[in-house]
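Here's the structure we're looking at; comments come further down.
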Amino acid sequence: MAIQFNFVSSMLILVLLSISSVEGQGGGGGGVIDVVAKFGAKADEKTDLSKPLLDAWKEACASTSPSKIVIPKGIYFLSTATLDGPCKAPIELQVQGTVKAPADPGAFKEPKWIAFNRIENFKLSGGGVFDGQGTTAYKREGCKGHDYCGSLPINLRFDFLTNAMIQDITTKDSKQFQANVLGCKNITFEHFTVSAPDESPNTDGIHIGRSDGVNVLNSEIKTGDDCVSIGDGSKKLVINGVTCGPGHGISIGSLGLFKNEEPVDGVTVKNCTMTNTSNGVRIKTWPGAEPGTCSNIHFEDITVTNVSSPIIIDQKYCPWNKCKINEESKVKLSNISFKNIHGTSARPEAVKIICSATLPCENVELADIEITHSGPTGPAVSQCSNVKPKVSGKQNPAACSAPIPAKPTPTA
């Protein structure tokens, strides 16, 4: 995994060096394109940035030499924008200001606000903010039941990008997912900030699906749902140095709900901190439903503080009671490790590994677990079902020492 990560990082550095050399370049277009100076964008919070941004993108995308589009400091209004490739040379979009979405959820015809589509060698940077102004959507009747949330716009969509860097960018108060990664290859988020209140529903910080080589590094995520959620078809993911909370932790899944889901293979979550989250590190699959596989998953060097379910495999994941709870999951889990995870649990169930009875978890490892709980219901406990984990190092609570209740506590 380390060799793969270093190779990808080296390639990205080469790409970014080529992008950063755009200033002063000559023929073939390229250079720096200022949306205010060249295309008349106005930082007045009411004039739509859409046309100036799309005009700048059209020019940069047609250039045969690297380009940099700059959105200077100020507060801009943007109705919606989709920036399409393929482009002829690397492009950097440097956002220095704050870009605001329409506050009214009814202003959107599609579930996206800003989308980057089919681009190779792309960088999004600048220290700027994408503000989804989602407060109205959070209060929308029915949203908490997730009957309405699915059609709300995602702040940032990254679809089918190859060799991309998202660096020093903040996304806040999205009406749905903060960032969505689909069909990408070699994309890195670094110093990426997510900010949304803990009561904001379905606002996953970064949702990743069907992508190969995604890195989330040294980032801070505060939101109302999973800080990072990993869907089917995700391969060779590294999540390192992420602070999460509030939120629902770092989750693989949910898996096994839809037909033809692709395998999840090769996920490393390391050096992360969870504070006041409903979960820590988690794998969740639906009972009954559809088959799938999830393998080579490693959680290591994790600090948890007042986390409700610090370590959890839940193959009876059944939110809103919309599942076949009496059936077993058809998703096969294998080669999973939890190493050096320490801190405090908000509930007694510090470790909960509930696997499928028909497809028991294989090659699960618990090493150096130190999680405490103080409360009227007693000390921390470790519960296991349909799994025989390999155990090493300190185990507090003692591994798999507590019975599984008839009705396990549901997780968010």
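So you can find residues: chains in the structure tokens are A, B, ... in the order shown, residues in each start at 1, and ligands are numbered from 1 in order.
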
Shell around stretch 294-308 of chain A at 6 Å using only C-alpha atoms, local window under 6 positions removed, as an mmCIF file with C-alpha atoms, in the first residue's frame:
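Result file part_0.cif:
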data_model
loop_
_atom_site.group_PDB
_atom_site.id
_atom_site.type_symbol
_atom_site.label_atom_id
_atom_site.label_comp_id
_atom_site.auth_asym_id
_atom_site.auth_seq_id
_atom_site.Cartn_x
_atom_site.Cartn_y
_atom_site.Cartn_z
ATOM 1 C CA PRO A 263 -15.956 -5.261 -4.573
ATOM 2 C CA VAL A 264 -14.347 -2.985 -2.004
ATOM 3 C CA ASP A 265 -10.657 -3.898 -1.800
ATOM 4 C CA GLY A 266 -7.710 -2.237 -0.089
ATOM 5 C CA VAL A 267 -8.643 0.499 2.386
ATOM 6 C CA THR A 268 -6.202 1.873 4.989
ATOM 7 C CA VAL A 269 -7.420 4.267 7.681
ATOM 8 C CA LYS A 270 -4.546 5.485 9.853
ATOM 9 C CA ASN A 271 -3.604 8.256 12.309
ATOM 10 C CA CYS A 272 -7.175 9.519 12.618
ATOM 11 C CA THR A 273 -9.015 11.109 15.537
ATOM 12 C CA MET A 274 -12.743 10.790 16.282
ATOM 13 C CA THR A 275 -14.365 13.112 18.817
ATOM 14 C CA ASN A 276 -18.011 13.025 19.924
ATOM 15 C CA THR A 277 -19.035 10.887 16.945
ATOM 16 C CA SER A 278 -21.731 8.222 16.835
ATOM 17 C CA ASN A 279 -19.239 5.717 15.363
ATOM 18 C CA LEU A 333 -15.921 -9.660 4.731
ATOM 19 C CA SER A 334 -12.284 -10.819 4.948
ATOM 20 C CA ASN A 335 -8.788 -9.664 5.897
ATOM 21 C CA ILE A 336 -9.765 -6.893 8.289
ATOM 22 C CA SER A 337 -7.589 -5.473 11.063
ATOM 23 C CA PHE A 338 -8.115 -3.068 13.959
ATOM 24 C CA LYS A 339 -4.763 -2.075 15.495
ATOM 25 C CA ASN A 340 -3.789 0.397 18.210
ATOM 26 C CA ILE A 341 -7.203 1.939 18.755
ATOM 27 C CA HIS A 342 -7.523 3.757 22.042
ATOM 28 C CA GLY A 343 -9.617 6.301 23.922
ATOM 29 C CA THR A 344 -13.094 6.494 25.448
ATOM 30 C CA SER A 345 -16.500 5.132 24.470
ATOM 31 C CA ALA A 346 -19.755 6.982 25.144
ATOM 32 C CA ARG A 347 -21.571 3.635 25.481
#

Which residues of stretch 339-409 of chain A sit at most 10 Å from stretch 284-289 of chain A, using only C-alpha atoms? Give each one's shortest atom pair and distance in Å (one decimal place), in chain and ascending residue order, as a Markdown table.
| residue | atom | partner | partner_atom | distance |
| --- | --- | --- | --- | --- |
| A:Ile354 | CA | A:Lys284 | CA | 9.6 |
| A:Cys355 | CA | A:Thr285 | CA | 9.3 |
| A:Ser356 | CA | A:Pro287 | CA | 8.1 |

Would you mind exporting all heavy atoms of the selected residues as a PDB file, in the first residue's frame?
ATOM      1  N   ILE A 354     -20.425  -7.822  14.499  1.00  0.00           N
ATOM      2  CA  ILE A 354     -21.582  -8.669  14.192  1.00  0.00           C
ATOM      3  C   ILE A 354     -21.488  -9.078  12.731  1.00  0.00           C
ATOM      4  O   ILE A 354     -21.729  -8.274  11.829  1.00  0.00           O
ATOM      5  CB  ILE A 354     -22.899  -7.929  14.472  1.00  0.00           C
ATOM      6  CG1 ILE A 354     -22.968  -7.493  15.944  1.00  0.00           C
ATOM      7  CG2 ILE A 354     -24.093  -8.807  14.118  1.00  0.00           C
ATOM      8  CD1 ILE A 354     -24.176  -6.638  16.261  1.00  0.00           C
ATOM      9  N   CYS A 355     -21.110 -10.334  12.492  1.00  0.00           N
ATOM     10  CA  CYS A 355     -20.911 -10.816  11.130  1.00  0.00           C
ATOM     11  C   CYS A 355     -22.080 -11.694  10.693  1.00  0.00           C
ATOM     12  O   CYS A 355     -22.941 -12.070  11.490  1.00  0.00           O
ATOM     13  CB  CYS A 355     -19.599 -11.595  11.050  1.00  0.00           C
ATOM     14  SG  CYS A 355     -18.130 -10.576  11.391  1.00  0.00           S
ATOM     15  N   SER A 356     -22.078 -12.000   9.427  1.00  0.00           N
ATOM     16  CA  SER A 356     -23.139 -12.800   8.829  1.00  0.00           C
ATOM     17  C   SER A 356     -23.013 -14.261   9.262  1.00  0.00           C
ATOM     18  O   SER A 356     -21.912 -14.828   9.273  1.00  0.00           O
ATOM     19  CB  SER A 356     -23.054 -12.694   7.304  1.00  0.00           C
ATOM     20  OG  SER A 356     -23.900 -13.628   6.678  1.00  0.00           O
TER      21      SER A 356
END

For atom CA of A:Ile169 and atom CA of A:Glu59, the interatomic separation in Å (one decimal):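 Here the two named atoms are 23.3 Å from each other.
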
Residues near A:Ser251, cut-off 12 Å, only C-alpha atoms, skip fewer than 2 positions along chain, as JSON, numbers by chain: {"A": [204, 205, 206, 207, 208, 225, 226, 227, 228, 229, 230, 231, 232, 239, 244, 247, 248, 249, 253, 254, 255, 267, 268, 269, 277, 278, 279, 280, 281, 282, 283, 284, 285, 297, 299, 309, 310, 311, 312, 313, 314, 411, 412]}

Selection file, C-alpha atoms, as a compact mmCIF listing (two decimals), in the first residue's frame:
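File out.txt, as written:
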# COMPACT_ATOMS: atom_id res chain seq x y z
CA ASP A 204 -21.42 12.91 4.33
CA GLY A 205 -18.10 14.76 4.29
CA ILE A 206 -16.55 12.83 1.40
CA HIS A 207 -18.43 9.96 -0.24
CA ILE A 208 -16.27 7.71 -2.42
CA ASP A 225 -23.31 12.08 8.78
CA ASP A 226 -20.24 9.96 7.94
CA CYS A 227 -17.05 12.01 7.84
CA VAL A 228 -15.85 9.71 5.06
CA SER A 229 -18.14 7.07 3.53
CA ILE A 230 -16.79 4.42 1.20
CA GLY A 231 -19.14 2.79 -1.29
CA ASP A 232 -18.86 -0.19 -3.58
CA ILE A 239 -7.25 7.95 4.78
CA CYS A 244 -13.64 13.71 12.52
CA GLY A 247 -20.32 13.08 12.59
CA HIS A 248 -20.87 9.35 12.18
CA GLY A 249 -17.21 8.36 11.90
CA GLY A 253 -20.75 0.99 3.34
CA SER A 254 -23.44 0.56 3.54
CA LEU A 255 -22.91 -2.39 1.19
CA VAL A 267 -8.64 0.50 2.39
CA THR A 268 -6.20 1.87 4.99
CA VAL A 269 -7.42 4.27 7.68
CA THR A 277 -19.04 10.89 16.95
CA SER A 278 -21.73 8.22 16.83
CA ASN A 279 -19.24 5.72 15.36
CA GLY A 280 -15.49 5.42 15.10
CA VAL A 281 -14.31 3.05 12.37
CA ARG A 282 -17.07 0.96 10.86
CA ILE A 283 -18.06 -1.53 8.18
CA LYS A 284 -21.83 -1.79 7.57
CA THR A 285 -23.77 -4.15 5.32
CA ILE A 297 -9.37 -3.30 5.24
CA PHE A 299 -7.76 0.55 10.70
CA SER A 309 -19.47 2.83 18.85
CA PRO A 310 -15.67 3.07 18.44
CA ILE A 311 -15.10 -0.26 16.61
CA ILE A 312 -17.96 -1.79 14.71
CA ILE A 313 -18.70 -4.33 12.01
CA ASP A 314 -22.46 -4.31 11.55
CA THR A 411 -26.29 2.46 14.67
CA ALA A 412 -26.80 5.66 12.71

d(atom CA of A:Val99, atom CA of A:Phe158) in Å: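 Computed distance, atom CA of A:Val99 to atom CA of A:Phe158, equals 17.3 Å.
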
Nearest residue to A:Val95 from the set A:Thr203, A:Thr293, A:Thr243, A:Ser125 (distances using only C-alpha atoms):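 When distances to A:Val95 are compared using only C-alpha atoms, the smallest one comes from A:Ser125.
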
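Using only C-alpha atoms, the smallest distance between any of A:Ala380, A:Ala60, A:Ile91, A:Val194 and A:Met165 comes from A:Ile91.
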
For A:Phe77: contacts at 9 Å, only C-alpha atoms, fewer than 6 positions along chain excluded, given as an MDAnalysis selection string: chainID A and resid 42:50 98:102

Just to be explicit: take each residue in the selection above, keep C-alpha atoms, and write the result as an mmCIF file, in the first residue's frame.
data_model
loop_
_atom_site.group_PDB
_atom_site.id
_atom_site.type_symbol
_atom_site.label_atom_id
_atom_site.label_comp_id
_atom_site.auth_asym_id
_atom_site.auth_seq_id
_atom_site.Cartn_x
_atom_site.Cartn_y
_atom_site.Cartn_z
ATOM 1 C CA LYS A 42 -18.620 40.475 -9.542
ATOM 2 C CA ALA A 43 -18.103 39.742 -5.861
ATOM 3 C CA ASP A 44 -21.411 41.319 -4.837
ATOM 4 C CA GLU A 45 -23.222 38.153 -3.621
ATOM 5 C CA LYS A 46 -25.971 38.566 -6.213
ATOM 6 C CA THR A 47 -24.470 38.559 -9.738
ATOM 7 C CA ASP A 48 -24.271 34.978 -10.985
ATOM 8 C CA LEU A 49 -20.702 33.713 -11.333
ATOM 9 C CA SER A 50 -21.839 30.921 -13.651
ATOM 10 C CA THR A 98 -16.148 32.463 -0.927
ATOM 11 C CA VAL A 99 -18.655 31.066 -3.421
ATOM 12 C CA LYS A 100 -22.266 30.787 -2.226
ATOM 13 C CA ALA A 101 -25.053 28.558 -3.513
ATOM 14 C CA PRO A 102 -28.739 29.486 -3.715
#

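Listed by chain and then by rising number, the residues of stretch 43-164 of chain A that DSSP assigns to helix (DSSP H, G or I) from the backbone are Ser50, Lys51, Pro52, Leu53, Leu54, Asp55, Ala56, Trp57, Lys58, Glu59, Ala60, Cys61, Ala62, Pro105, Gly106, Ala107, Thr135, Thr136, Ala137, Tyr138, Cys143, Lys144, Gly145, Cys149, Gly150 and Ser151 of chain A.
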
Who sits within 12 Å of A:Ser151, only C-alpha atoms, same chain under 4 positions skipped, as JSON, numbers by chain: {"A": [105, 106, 107, 108, 109, 110, 111, 112, 113, 137, 143, 146, 147, 175, 176, 177, 202]}

Write the residues you've just listed into a file as a short mmCIF file (atom, residue, chain, number, x, y, z; two decimals), in the first residue's frame, and include N, CA, C and O atoms for each of them.
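The result, stored in out.cif:
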data_model
loop_
_atom_site.label_atom_id
_atom_site.label_comp_id
_atom_site.auth_asym_id
_atom_site.auth_seq_id
_atom_site.Cartn_x
_atom_site.Cartn_y
_atom_site.Cartn_z
N PRO A 105 -33.61 25.21 -1.75
CA PRO A 105 -33.40 23.92 -2.40
C PRO A 105 -34.17 23.78 -3.71
O PRO A 105 -33.75 23.04 -4.60
N GLY A 106 -35.27 24.53 -3.85
CA GLY A 106 -36.07 24.45 -5.06
C GLY A 106 -35.42 25.08 -6.28
O GLY A 106 -35.92 24.96 -7.40
N ALA A 107 -34.28 25.75 -6.08
CA ALA A 107 -33.58 26.39 -7.19
C ALA A 107 -32.82 25.39 -8.05
O ALA A 107 -32.32 25.75 -9.12
N PHE A 108 -32.72 24.14 -7.60
CA PHE A 108 -31.88 23.15 -8.29
C PHE A 108 -32.74 22.15 -9.05
O PHE A 108 -33.69 21.58 -8.50
N LYS A 109 -32.39 21.91 -10.31
CA LYS A 109 -33.09 20.91 -11.12
C LYS A 109 -32.42 19.55 -11.02
O LYS A 109 -33.02 18.53 -11.37
N GLU A 110 -31.16 19.52 -10.61
CA GLU A 110 -30.41 18.28 -10.47
C GLU A 110 -29.75 18.24 -9.09
O GLU A 110 -29.52 19.29 -8.49
N PRO A 111 -29.42 17.04 -8.59
CA PRO A 111 -28.81 16.94 -7.26
C PRO A 111 -27.32 17.27 -7.25
O PRO A 111 -26.49 16.49 -6.79
N LYS A 112 -26.96 18.43 -7.78
CA LYS A 112 -25.56 18.86 -7.76
C LYS A 112 -25.52 20.38 -7.84
O LYS A 112 -26.39 21.02 -8.44
N TRP A 113 -24.50 20.95 -7.21
CA TRP A 113 -24.26 22.39 -7.31
C TRP A 113 -23.08 22.66 -8.25
O TRP A 113 -23.24 23.25 -9.30
N ALA A 137 -32.53 23.49 4.01
CA ALA A 137 -32.73 22.07 3.65
C ALA A 137 -32.71 21.19 4.89
O ALA A 137 -33.43 20.17 4.95
N CYS A 143 -36.94 15.32 5.64
CA CYS A 143 -35.54 15.11 5.28
C CYS A 143 -34.88 14.11 6.22
O CYS A 143 -34.07 13.30 5.80
N HIS A 146 -34.97 10.72 5.18
CA HIS A 146 -34.22 10.47 3.95
C HIS A 146 -35.13 10.24 2.74
O HIS A 146 -34.71 9.66 1.75
N ASP A 147 -36.38 10.67 2.83
CA ASP A 147 -37.26 10.55 1.67
C ASP A 147 -37.06 11.72 0.72
O ASP A 147 -37.38 11.63 -0.46
N LYS A 175 -26.31 20.97 1.14
CA LYS A 175 -27.68 20.49 1.36
C LYS A 175 -27.74 18.96 1.38
O LYS A 175 -28.67 18.38 1.91
N GLN A 176 -26.74 18.32 0.75
CA GLN A 176 -26.61 16.86 0.81
C GLN A 176 -25.12 16.56 1.03
O GLN A 176 -24.47 17.23 1.82
N PHE A 177 -24.54 15.55 0.37
CA PHE A 177 -23.12 15.25 0.57
C PHE A 177 -22.28 16.52 0.35
O PHE A 177 -22.57 17.32 -0.54
N ASN A 202 -27.68 13.49 6.20
CA ASN A 202 -27.19 13.00 4.90
C ASN A 202 -26.12 13.89 4.29
O ASN A 202 -26.03 14.04 3.07
#

Spatial neighbours of A:Ala402, max dist 7 Å, only C-alpha atoms, sep filter under 2 positions, as a list of chain:residue names: A:Val381, A:Ser382, A:Gln383, A:Cys400, A:Ile404

Please produce a file of the residues just selected, as a PDB file, in the first residue's frame, where the atoms kept are N, CA, C and O atoms.
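Resulting contents of again_20.pdb:
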ATOM      1  N   VAL A 381     -17.446  -3.067  26.959  1.00  0.00           N
ATOM      2  CA  VAL A 381     -17.532  -4.487  26.625  1.00  0.00           C
ATOM      3  C   VAL A 381     -17.189  -4.687  25.152  1.00  0.00           C
ATOM      4  O   VAL A 381     -17.227  -3.755  24.346  1.00  0.00           O
ATOM      5  N   SER A 382     -16.859  -5.938  24.823  1.00  0.00           N
ATOM      6  CA  SER A 382     -16.542  -6.334  23.449  1.00  0.00           C
ATOM      7  C   SER A 382     -17.473  -7.478  23.062  1.00  0.00           C
ATOM      8  O   SER A 382     -17.514  -8.510  23.735  1.00  0.00           O
ATOM      9  N   GLN A 383     -18.224  -7.288  21.984  1.00  0.00           N
ATOM     10  CA  GLN A 383     -19.213  -8.274  21.544  1.00  0.00           C
ATOM     11  C   GLN A 383     -18.855  -8.801  20.164  1.00  0.00           C
ATOM     12  O   GLN A 383     -18.475  -8.021  19.279  1.00  0.00           O
ATOM     13  N   CYS A 400     -14.236 -10.064  22.607  1.00  0.00           N
ATOM     14  CA  CYS A 400     -15.375 -10.970  22.424  1.00  0.00           C
ATOM     15  C   CYS A 400     -15.849 -11.596  23.736  1.00  0.00           C
ATOM     16  O   CYS A 400     -16.290 -12.759  23.766  1.00  0.00           O
ATOM     17  N   ILE A 404     -23.961 -11.050  22.800  1.00  0.00           N
ATOM     18  CA  ILE A 404     -24.711 -10.162  21.927  1.00  0.00           C
ATOM     19  C   ILE A 404     -26.159 -10.119  22.428  1.00  0.00           C
ATOM     20  O   ILE A 404     -26.790 -11.155  22.596  1.00  0.00           O
TER      21      ILE A 404
END

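When atom CA of A:Val351 is paired with atom CA of A:Pro201, their separation reads 25.5 Å.
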